[in-house]
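A quick write-up on the structure given underneath.
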Amino acid sequence: MPIRAGNTRIPWTKPVLAALAALMAVLLTAPGAAHAAPVPDGVKAPGESRPVYSYDHAIRESVWVDTRVDGDGDGRTDRVAVDIIRPREAAEQGRKVPVIMDASPYYSCCGRGNESQKKTYDAQGNLVQFPLYYDNFFVPRGYAVVLVDLAGTNRSDGCVDIGGRSDIQSAKAVVDWLGGRARGYASRTGRKGVTAGWTTGDVGMIGKSYDGTVANGVAATGVKGLKTIVPIGAISSWYDYYFAQGAALFGSGPDGLADGVESPEARGRCQAVQRRLVEGAPRNGDWTALWSERDYVKDADKVRASVLAVHGMQDLNVRTKHFGQWWDALAEQGVERKVWLSQTGHVDPFDFRRDAWVRTLHRWFDHYLLGYDNGIEREPMADIERAPDQWSTDRLWPPRAARPTTLRPAAGPLPGVGTLGTEPAPDGATQAFTDDPRLNESDWAARIDEPTPSKAGFTTLPLAQDLRLSGSSTVRLTVTPSTTSAHLSAVLVDLGPAEIRDYTARGEGILTLADRTCWGNGTTTDTGCFKRTEADKEKVGHTVFSRGWADLGHYANLAHGGPLTPGRPYTVTLDLAATDHIVPAGHRLALIVAGTDANLVEPASTTPRLTVDLRRTSASLPLVGGPQAFARATGGGRSPGRTDTPPHGLRPPAPLHLP
């Protein structure tokens with residue numbers, strides 16, 4: 001039987017009662033005042049919004065908003081379908097409500113959430129199931145929930161352009177309509193106008209994957225009225241979704257994704273847009289104008305909204321490079337922000353930490369959309385999963401003590417089995433390997449202490465104390481290829497036994513159970529009840545915790561790659577994905593350099609032998625405590641390596657793709 005959850009209680013302390021009395025004195029000057037109303041200026045509200053409105057009798061309506069973009073070239077501007085659910089009692093009382101919005105291309109093709117829920121309509125075209133739990137939980141608490149079909153999908157006009165102007169304007173136009181700055185209509189083609197006089201115009205955008213990416217993109221426009229965004233496993237630059245410094249990460253480009261999410265009608269009318277996607281995103285990995293348009297990081301200075309980011313540190317679909325570079329750019333602009341970093345892959349926090357997530361999200365929206373002074377913005381900035389279901393917090397992230405620390409590889413007693421420390425290798429020291437596109441990071445790590453031809457590995461001694469890495473790393477390599485093309489991989493590995501989430505399994509770190517819990521209120525067609533999950537755990541002997549890849553042909557310029565000259569040395573810096581990982585005392589830290597990382601990066605056109613100049617190779621790692629912490633953990637930083645083989649890691653990752 002489903003378990004009802006999520007209706008927390010206000011802590012009735014004397015200060016809270018006094019503040020509540022003052023608040024109610026203000027609210028009761030307007031008839032029909034309710035706890036879920038936005039807080040008036042100058043009044044600090046305690047507690048939280050309460051489920052005082054009926055879900056069953058909520059207003060459900062559809063509006064088509066003019067995007068002012070003619071993406072399909074039919075001579076008229078496109079309208080996007082907007083499905084709305086909002087409290088009827090608030091409307092009857094004349095009380096305006098804020099909006100929680102999820103703009104997505106997936107409502108008809110693929111579904112949302114762990115159970116792939118789609119928008120479901122009755123015979124009259126009325127929406128009877130809103131995917132996910134946002135409507136069930138938040139509408140009774142005084143919010144409207146707005147689900148937007150991106151242009152070219154479901155019931156919307158226009159074309160999908162994969163993070164470009166059409167996608168972003170699809171959602172931005174709705175924010176503008178909610179603020180009274182754009183036109184809405186009662187039907188897809190009619191002239192009857194519809195306004196949004198029922199809302200405060202304050203909007204919070206939320207979504208996982210593509211949906212969260214759109215939230216990032218809309219925030220980067222600086223649109224008025226967007227108060228907060230909650231991007232979950234979201235892209236910050238579409239180039240970095242399809243390429244890693246020139247190396248292709250998938251076998252197809254944005255045209256393939258567009259074809260997968262567009263409505264059948266859109267496929268027929270959007271062939272010109274598809275051609276532009278193909279032509280503007282060449283498979284050679286060159287950065288083009290198409291990618292510049294889809295890079296939200298460069299516009300972080302326009303962001304006005306607060307940001308609650310969530311990312312799986314083992315997300316091999318939307319890699320944590322997206323989170324890391326977005327987070328750093330937001331930090332430079334002083335954007336108010338908070339983050340959850342899990343050990344999962346591409347998973348929603350509702351499915352890996354459900355109770356705590358709904359409480360956090362509730363308080364976040366209450367603060368930024370309803371004005372509650374609940375203190376969430378003063379709480380620790382980061383929640384980090386250290387082991388399955390074991391979390392720690394940081395007041396700031398990365399912590400101030402995290403400092404770039406230069407580590408250097410050196411040759412060891414066996415070919416391909418080197419050491420990692422602070423001392424540079426002598427002049428002329430090299431290690432060589434041959435790219436083997438059949439092997440991946442798990443294969444390399446499993447044989448870290450063996451001389452294998454496909455990788456060069458470098459390890460510390462077993463650590464005397466824990467060593468924490470927090471942030472983004474880089475690896476600078478000087479390599480000489482034997483052929484005209486080469487792809488490079490650099491991975492950081494924790495060598496030692498651990499129990500982790502099995503992020504390479506189907507659930508990417510979660511198991512879906514048969515029983516359900518219910519969040520908020522529901523109807524027979526939209527119950528608000530969802531299958532429970534639990535951590536999918538695996539005992540391993542090594543953990544790859546950060547990765548980076550590059551095409552050596554783009555060593556000098558992302559905009560123009562080219563063939564290599566065999567026998568000539570090249571220097572390239574690989575950007576490794578952001579992470580927060582503790583290598584425990586007794587474990588070893590390893591850096592592995594290799595070629596193609598099977599299933600994670602496409603192979604180059606040749607299979608070169610690469611010679612690494614160890615003297616001119618180094619890694620910059622964000623160590624908490626800096627060089628001193630490394631020295632304490634390693635007894636001075638010199639590490640002669642070991643010859644025992646670590647136990648197995650996870651199975652090789654399967655190829656992944658959105659959503």
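Ligands are numbered from 1 in the order shown, chains are lettered A, B, ... in the order of the structure tokens, and residues start at 1 in each chain.
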| field | Residues within 12 Å of Gly163 of chain A, only C-alpha atoms, excluding chain neighbours under 6 positions, as number ranges by chain | value | A: 103-105, 150-151, 169-171, 209-218, 234-239, 241, 254-255, 257-258, 277, 290-296
Mind dumping a table of every segment 435-548 of chain A residue within 12 Å of segment 355-358 of chain A, with the nearest atom pair and its distance in Å to one decimal, using only C-alpha atoms, sorted by chain and rising number, as JSON lines?
```
{"residue": "A:Thr517", "atom": "CA", "partner": "A:Asp355", "partner_atom": "CA", "distance": 10.2}
{"residue": "A:Cys518", "atom": "CA", "partner": "A:Asp355", "partner_atom": "CA", "distance": 11.0}
{"residue": "A:Trp519", "atom": "CA", "partner": "A:Val358", "partner_atom": "CA", "distance": 8.7}
{"residue": "A:Gly520", "atom": "CA", "partner": "A:Val358", "partner_atom": "CA", "distance": 10.4}
{"residue": "A:Arg532", "atom": "CA", "partner": "A:Asp355", "partner_atom": "CA", "distance": 10.9}
{"residue": "A:Thr533", "atom": "CA", "partner": "A:Asp355", "partner_atom": "CA", "distance": 11.5}
```
Write out, as an mmCIF file, in the first residue's frame, the residues just selected, with all heavy atoms.
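What landed in selection-v5.cif:
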```cif
data_model
loop_
_atom_site.group_PDB
_atom_site.id
_atom_site.type_symbol
_atom_site.label_atom_id
_atom_site.label_comp_id
_atom_site.auth_asym_id
_atom_site.auth_seq_id
_atom_site.Cartn_x
_atom_site.Cartn_y
_atom_site.Cartn_z
ATOM 1 N N THR A 517 5.651 5.281 -2.608
ATOM 2 C CA THR A 517 5.327 6.311 -1.627
ATOM 3 C C THR A 517 4.662 7.458 -2.375
ATOM 4 O O THR A 517 4.888 7.650 -3.569
ATOM 5 C CB THR A 517 6.578 6.827 -0.896
ATOM 6 O OG1 THR A 517 7.512 7.339 -1.852
ATOM 7 C CG2 THR A 517 7.223 5.728 -0.073
ATOM 8 N N CYS A 518 3.827 8.203 -1.664
ATOM 9 C CA CYS A 518 3.031 9.250 -2.296
ATOM 10 C C CYS A 518 3.446 10.612 -1.757
ATOM 11 O O CYS A 518 3.681 10.774 -0.563
ATOM 12 C CB CYS A 518 1.546 9.012 -2.040
ATOM 13 S SG CYS A 518 0.980 7.384 -2.597
ATOM 14 N N TRP A 519 3.501 11.595 -2.658
ATOM 15 C CA TRP A 519 4.043 12.906 -2.324
ATOM 16 C C TRP A 519 3.044 13.973 -2.713
ATOM 17 O O TRP A 519 2.863 14.269 -3.886
ATOM 18 C CB TRP A 519 5.394 13.095 -2.997
ATOM 19 C CG TRP A 519 6.353 12.115 -2.418
ATOM 20 C CD1 TRP A 519 6.532 10.820 -2.790
ATOM 21 C CD2 TRP A 519 7.183 12.325 -1.281
ATOM 22 N NE1 TRP A 519 7.445 10.211 -1.969
ATOM 23 C CE2 TRP A 519 7.864 11.115 -1.028
ATOM 24 C CE3 TRP A 519 7.425 13.426 -0.455
ATOM 25 C CZ2 TRP A 519 8.768 10.971 0.012
ATOM 26 C CZ3 TRP A 519 8.330 13.280 0.576
ATOM 27 C CH2 TRP A 519 8.996 12.068 0.809
ATOM 28 N N GLY A 520 2.379 14.514 -1.695
ATOM 29 C CA GLY A 520 1.331 15.477 -1.951
ATOM 30 C C GLY A 520 -0.002 14.787 -2.105
ATOM 31 O O GLY A 520 -0.254 13.725 -1.531
ATOM 32 N N ARG A 532 9.368 3.259 -4.950
ATOM 33 C CA ARG A 532 10.535 3.526 -4.116
ATOM 34 C C ARG A 532 11.796 3.020 -4.803
ATOM 35 O O ARG A 532 11.760 2.161 -5.672
ATOM 36 C CB ARG A 532 10.388 2.841 -2.760
ATOM 37 C CG ARG A 532 9.494 3.542 -1.787
ATOM 38 C CD ARG A 532 9.735 3.095 -0.346
ATOM 39 N NE ARG A 532 9.818 1.649 -0.187
ATOM 40 C CZ ARG A 532 10.931 0.995 0.159
ATOM 41 N NH1 ARG A 532 12.066 1.646 0.380
ATOM 42 N NH2 ARG A 532 10.924 -0.313 0.281
ATOM 43 N N THR A 533 12.916 3.550 -4.359
ATOM 44 C CA THR A 533 14.208 3.088 -4.846
ATOM 45 C C THR A 533 15.135 2.863 -3.656
ATOM 46 O O THR A 533 14.878 3.324 -2.543
ATOM 47 C CB THR A 533 14.853 4.114 -5.794
ATOM 48 O OG1 THR A 533 15.140 5.301 -5.056
ATOM 49 C CG2 THR A 533 13.942 4.437 -6.972
#
```
| message | Which residues are near Thr484 of chain A? Cut-off 7 Å, only C-alpha atoms, ignore same chain within fewer than 3 positions. Put them as an NGL selection string. | response | :A and (563-566)
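Distances from A:Val65, A:Val572, A:Leu127, A:Val145 to Thr195 of chain A were compared using only C-alpha atoms, and the smallest one belongs to A:Val65.
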| Looking only at the backbone, which of the residues in segment 351-538 of chain A does DSSP tag as helix (DSSP H, G or I), as number ranges by chain? | A: 351, 354-370, 376-378, 441-446
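Distances to Thr617 of chain A were evaluated for A:Pro481, A:Pro426, A:Pro462, A:Pro584 using only C-alpha atoms, and the minimum falls at A:Pro426.
When only C-alpha atoms are used to compute distances to Ala633 of chain A, the closest of the residues A:Asp526, A:Asp78, A:Asp466, A:Glu115 turns out to be A:Asp466.
Nearest residue to Ser252 of chain A, choosing from A:Asn284, A:Thr527, A:Gln117, A:Thr512 and counting only C-alpha atoms: A:Asn284.
Every protein or nucleic acid residue with an atom no more than 7 Å from Ile582 of chain A, counting only C-alpha atoms and leaving out same-chain residues fewer than 4 positions away, appears here: Asp466, Leu467, Arg468 and Leu469 of chain A.
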Export of prior selection with N, CA and C atoms as a CSV table (one decimal), in the first residue's frame:
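The result, stored in selection27.csv:
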```
chain,number,residue,atom,x,y,z
A,466,ASP,N,44.0,10.2,4.9
A,466,ASP,CA,43.0,10.5,3.8
A,466,ASP,C,43.5,11.7,3.0
A,467,LEU,N,43.2,11.7,1.7
A,467,LEU,CA,43.5,12.8,0.8
A,467,LEU,C,42.3,13.1,0.0
A,468,ARG,N,41.8,14.4,0.1
A,468,ARG,CA,40.6,14.8,-0.5
A,468,ARG,C,40.9,15.7,-1.7
A,469,LEU,N,40.2,15.4,-2.8
A,469,LEU,CA,40.2,16.2,-4.0
A,469,LEU,C,38.9,16.8,-4.2
```
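When atom CA of Asp515 of chain A is paired with atom CA of Gly528 of chain A, their separation reads 13.2 Å.
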| message | Please list as a VMD selection string every residue within 7 Å of Val417 of chain A, counting only C-alpha atoms and excluding residues in the same chain fewer than 5 positions away. | response | chain A and resid 411 to 412 448 to 451 456 to 458
Run DSSP on the backbone and grab whatever in segment 213-407 of chain A lands in strand (DSSP E or B); send it over as a short mmCIF file (atom, residue, chain, number, x, y, z; two decimals) with N, CA and C atoms, in the first residue's frame.
```
data_model
loop_
_atom_site.label_atom_id
_atom_site.label_comp_id
_atom_site.auth_asym_id
_atom_site.auth_seq_id
_atom_site.Cartn_x
_atom_site.Cartn_y
_atom_site.Cartn_z
N LEU A 226 12.54 35.33 -13.46
CA LEU A 226 13.08 34.01 -13.14
C LEU A 226 13.90 34.14 -11.86
N LYS A 227 13.34 33.66 -10.76
CA LYS A 227 13.95 33.86 -9.45
C LYS A 227 14.94 32.77 -9.07
N THR A 228 14.73 31.57 -9.57
CA THR A 228 15.63 30.47 -9.20
C THR A 228 15.54 29.39 -10.25
N ILE A 229 16.61 28.61 -10.38
CA ILE A 229 16.60 27.43 -11.24
C ILE A 229 17.16 26.25 -10.46
N VAL A 230 16.68 25.04 -10.84
CA VAL A 230 17.13 23.80 -10.21
C VAL A 230 17.53 22.85 -11.33
N PRO A 231 18.76 23.00 -11.87
CA PRO A 231 19.23 22.12 -12.94
C PRO A 231 19.79 20.82 -12.37
N ILE A 232 19.27 19.70 -12.84
CA ILE A 232 19.65 18.37 -12.35
C ILE A 232 20.33 17.62 -13.49
N SER A 237 27.16 23.58 -21.75
CA SER A 237 27.66 23.92 -23.09
C SER A 237 27.47 22.70 -23.96
N PHE A 243 31.36 16.62 -27.62
CA PHE A 243 32.80 16.49 -27.84
C PHE A 243 33.56 16.79 -26.55
N ALA A 244 34.73 16.15 -26.42
CA ALA A 244 35.67 16.46 -25.34
C ALA A 244 36.94 16.97 -25.99
N ALA A 247 37.42 15.45 -29.36
CA ALA A 247 37.14 14.02 -29.49
C ALA A 247 35.65 13.77 -29.36
N ALA A 248 35.07 13.07 -30.33
CA ALA A 248 33.63 12.81 -30.31
C ALA A 248 33.28 11.85 -29.17
N ASP A 295 26.46 27.79 -25.88
CA ASP A 295 27.36 27.83 -24.72
C ASP A 295 26.80 28.83 -23.71
N SER A 306 18.88 32.51 -8.45
CA SER A 306 19.67 31.62 -7.61
C SER A 306 19.69 30.24 -8.27
N VAL A 307 20.64 29.39 -7.86
CA VAL A 307 20.83 28.10 -8.51
C VAL A 307 20.99 27.01 -7.45
N LEU A 308 20.14 25.99 -7.54
CA LEU A 308 20.29 24.76 -6.76
C LEU A 308 20.63 23.66 -7.74
N ALA A 309 21.92 23.33 -7.84
CA ALA A 309 22.39 22.37 -8.83
C ALA A 309 22.52 20.98 -8.20
N VAL A 310 22.23 19.97 -9.01
CA VAL A 310 22.38 18.57 -8.59
C VAL A 310 23.11 17.84 -9.71
N HIS A 311 24.11 17.05 -9.35
CA HIS A 311 24.81 16.28 -10.38
C HIS A 311 25.36 14.99 -9.79
N GLY A 312 25.27 13.92 -10.57
CA GLY A 312 25.91 12.67 -10.19
C GLY A 312 27.38 12.71 -10.56
N ARG A 337 23.96 30.17 -4.65
CA ARG A 337 23.90 28.82 -5.21
C ARG A 337 24.13 27.77 -4.12
N LYS A 338 23.69 26.57 -4.44
CA LYS A 338 23.84 25.41 -3.57
C LYS A 338 23.96 24.19 -4.48
N VAL A 339 24.61 23.12 -4.00
CA VAL A 339 24.80 21.94 -4.83
C VAL A 339 24.64 20.66 -4.03
N TRP A 340 24.10 19.65 -4.70
CA TRP A 340 24.14 18.27 -4.22
C TRP A 340 24.96 17.47 -5.23
N LEU A 341 25.98 16.76 -4.74
CA LEU A 341 26.79 15.88 -5.57
C LEU A 341 26.64 14.45 -5.06
N SER A 342 26.09 13.59 -5.90
CA SER A 342 25.84 12.20 -5.50
C SER A 342 26.86 11.27 -6.13
N TYR A 372 9.69 33.07 2.18
CA TYR A 372 9.85 32.58 3.54
C TYR A 372 11.30 32.73 4.00
N ALA A 382 27.08 22.84 0.13
CA ALA A 382 27.19 21.56 -0.59
C ALA A 382 26.80 20.38 0.28
N ASP A 383 26.04 19.46 -0.31
CA ASP A 383 25.78 18.13 0.23
C ASP A 383 26.49 17.14 -0.69
N ILE A 384 27.35 16.29 -0.13
CA ILE A 384 28.17 15.40 -0.93
C ILE A 384 28.00 13.97 -0.42
N GLU A 385 27.72 13.06 -1.34
CA GLU A 385 27.57 11.65 -0.97
C GLU A 385 28.95 11.00 -0.95
N ARG A 386 29.35 10.50 0.22
CA ARG A 386 30.67 9.90 0.40
C ARG A 386 30.68 8.39 0.14
N ALA A 387 29.59 7.74 0.47
CA ALA A 387 29.37 6.32 0.23
C ALA A 387 27.86 6.18 0.05
N GLN A 390 25.41 7.87 2.47
CA GLN A 390 26.17 8.54 3.53
C GLN A 390 26.63 9.90 3.00
N TRP A 391 26.15 10.97 3.63
CA TRP A 391 26.35 12.32 3.12
C TRP A 391 27.11 13.19 4.10
N SER A 392 27.87 14.12 3.56
CA SER A 392 28.53 15.14 4.36
C SER A 392 28.17 16.50 3.78
N THR A 393 28.47 17.57 4.51
CA THR A 393 28.16 18.91 4.03
C THR A 393 29.42 19.78 4.09
N ASP A 394 29.44 20.81 3.25
CA ASP A 394 30.50 21.80 3.25
C ASP A 394 29.89 23.19 3.26
N ALA A 402 40.96 23.93 -0.59
CA ALA A 402 41.31 23.21 -1.81
C ALA A 402 42.21 24.09 -2.67
N ARG A 403 43.42 23.60 -2.95
CA ARG A 403 44.38 24.38 -3.72
C ARG A 403 44.98 23.53 -4.83
N PRO A 404 45.16 24.11 -6.01
CA PRO A 404 45.80 23.36 -7.09
C PRO A 404 47.18 22.87 -6.67
N THR A 405 47.40 21.59 -6.84
CA THR A 405 48.66 20.97 -6.42
C THR A 405 49.22 20.20 -7.60
N THR A 406 50.46 20.47 -7.95
CA THR A 406 51.08 19.85 -9.12
C THR A 406 51.72 18.52 -8.73
N LEU A 407 51.25 17.45 -9.37
CA LEU A 407 51.87 16.13 -9.20
C LEU A 407 52.48 15.72 -10.53
#
```
| said: Give me, as a count of residues only, all polymer residues having an atom no more than 10 Å from Ala266 of chain A, counting only C-alpha atoms and skipping those fewer than 2 positions away in the same chain. | reply: 21
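Take the candidates A:Val174, A:Leu576, A:Val318, A:Ala550 and check each one against Leu621 of chain A using only C-alpha atoms; the shortest distance goes to A:Leu576.
Residues within 7 Å of segment 489-499 of chain A, counting only C-alpha atoms and excluding same-chain residues fewer than 4 positions away, are Lys537, Glu538, Lys539, Val540, Gly541, His542, Thr543, Val544, Phe545, Ser546, Arg547, Gly548, Trp549, Ala550, Val583, His587, Arg588, Leu589, Ala590, Leu591, Ile592, Val593, Ala594, Gly595, Thr596, Asp597 and Pro646 of chain A.
Closest approach to Ala331 of chain A from the set A:Leu396, A:Lys119, A:Val278, A:Asp351 is made by A:Leu396, with distances taken over only C-alpha atoms.
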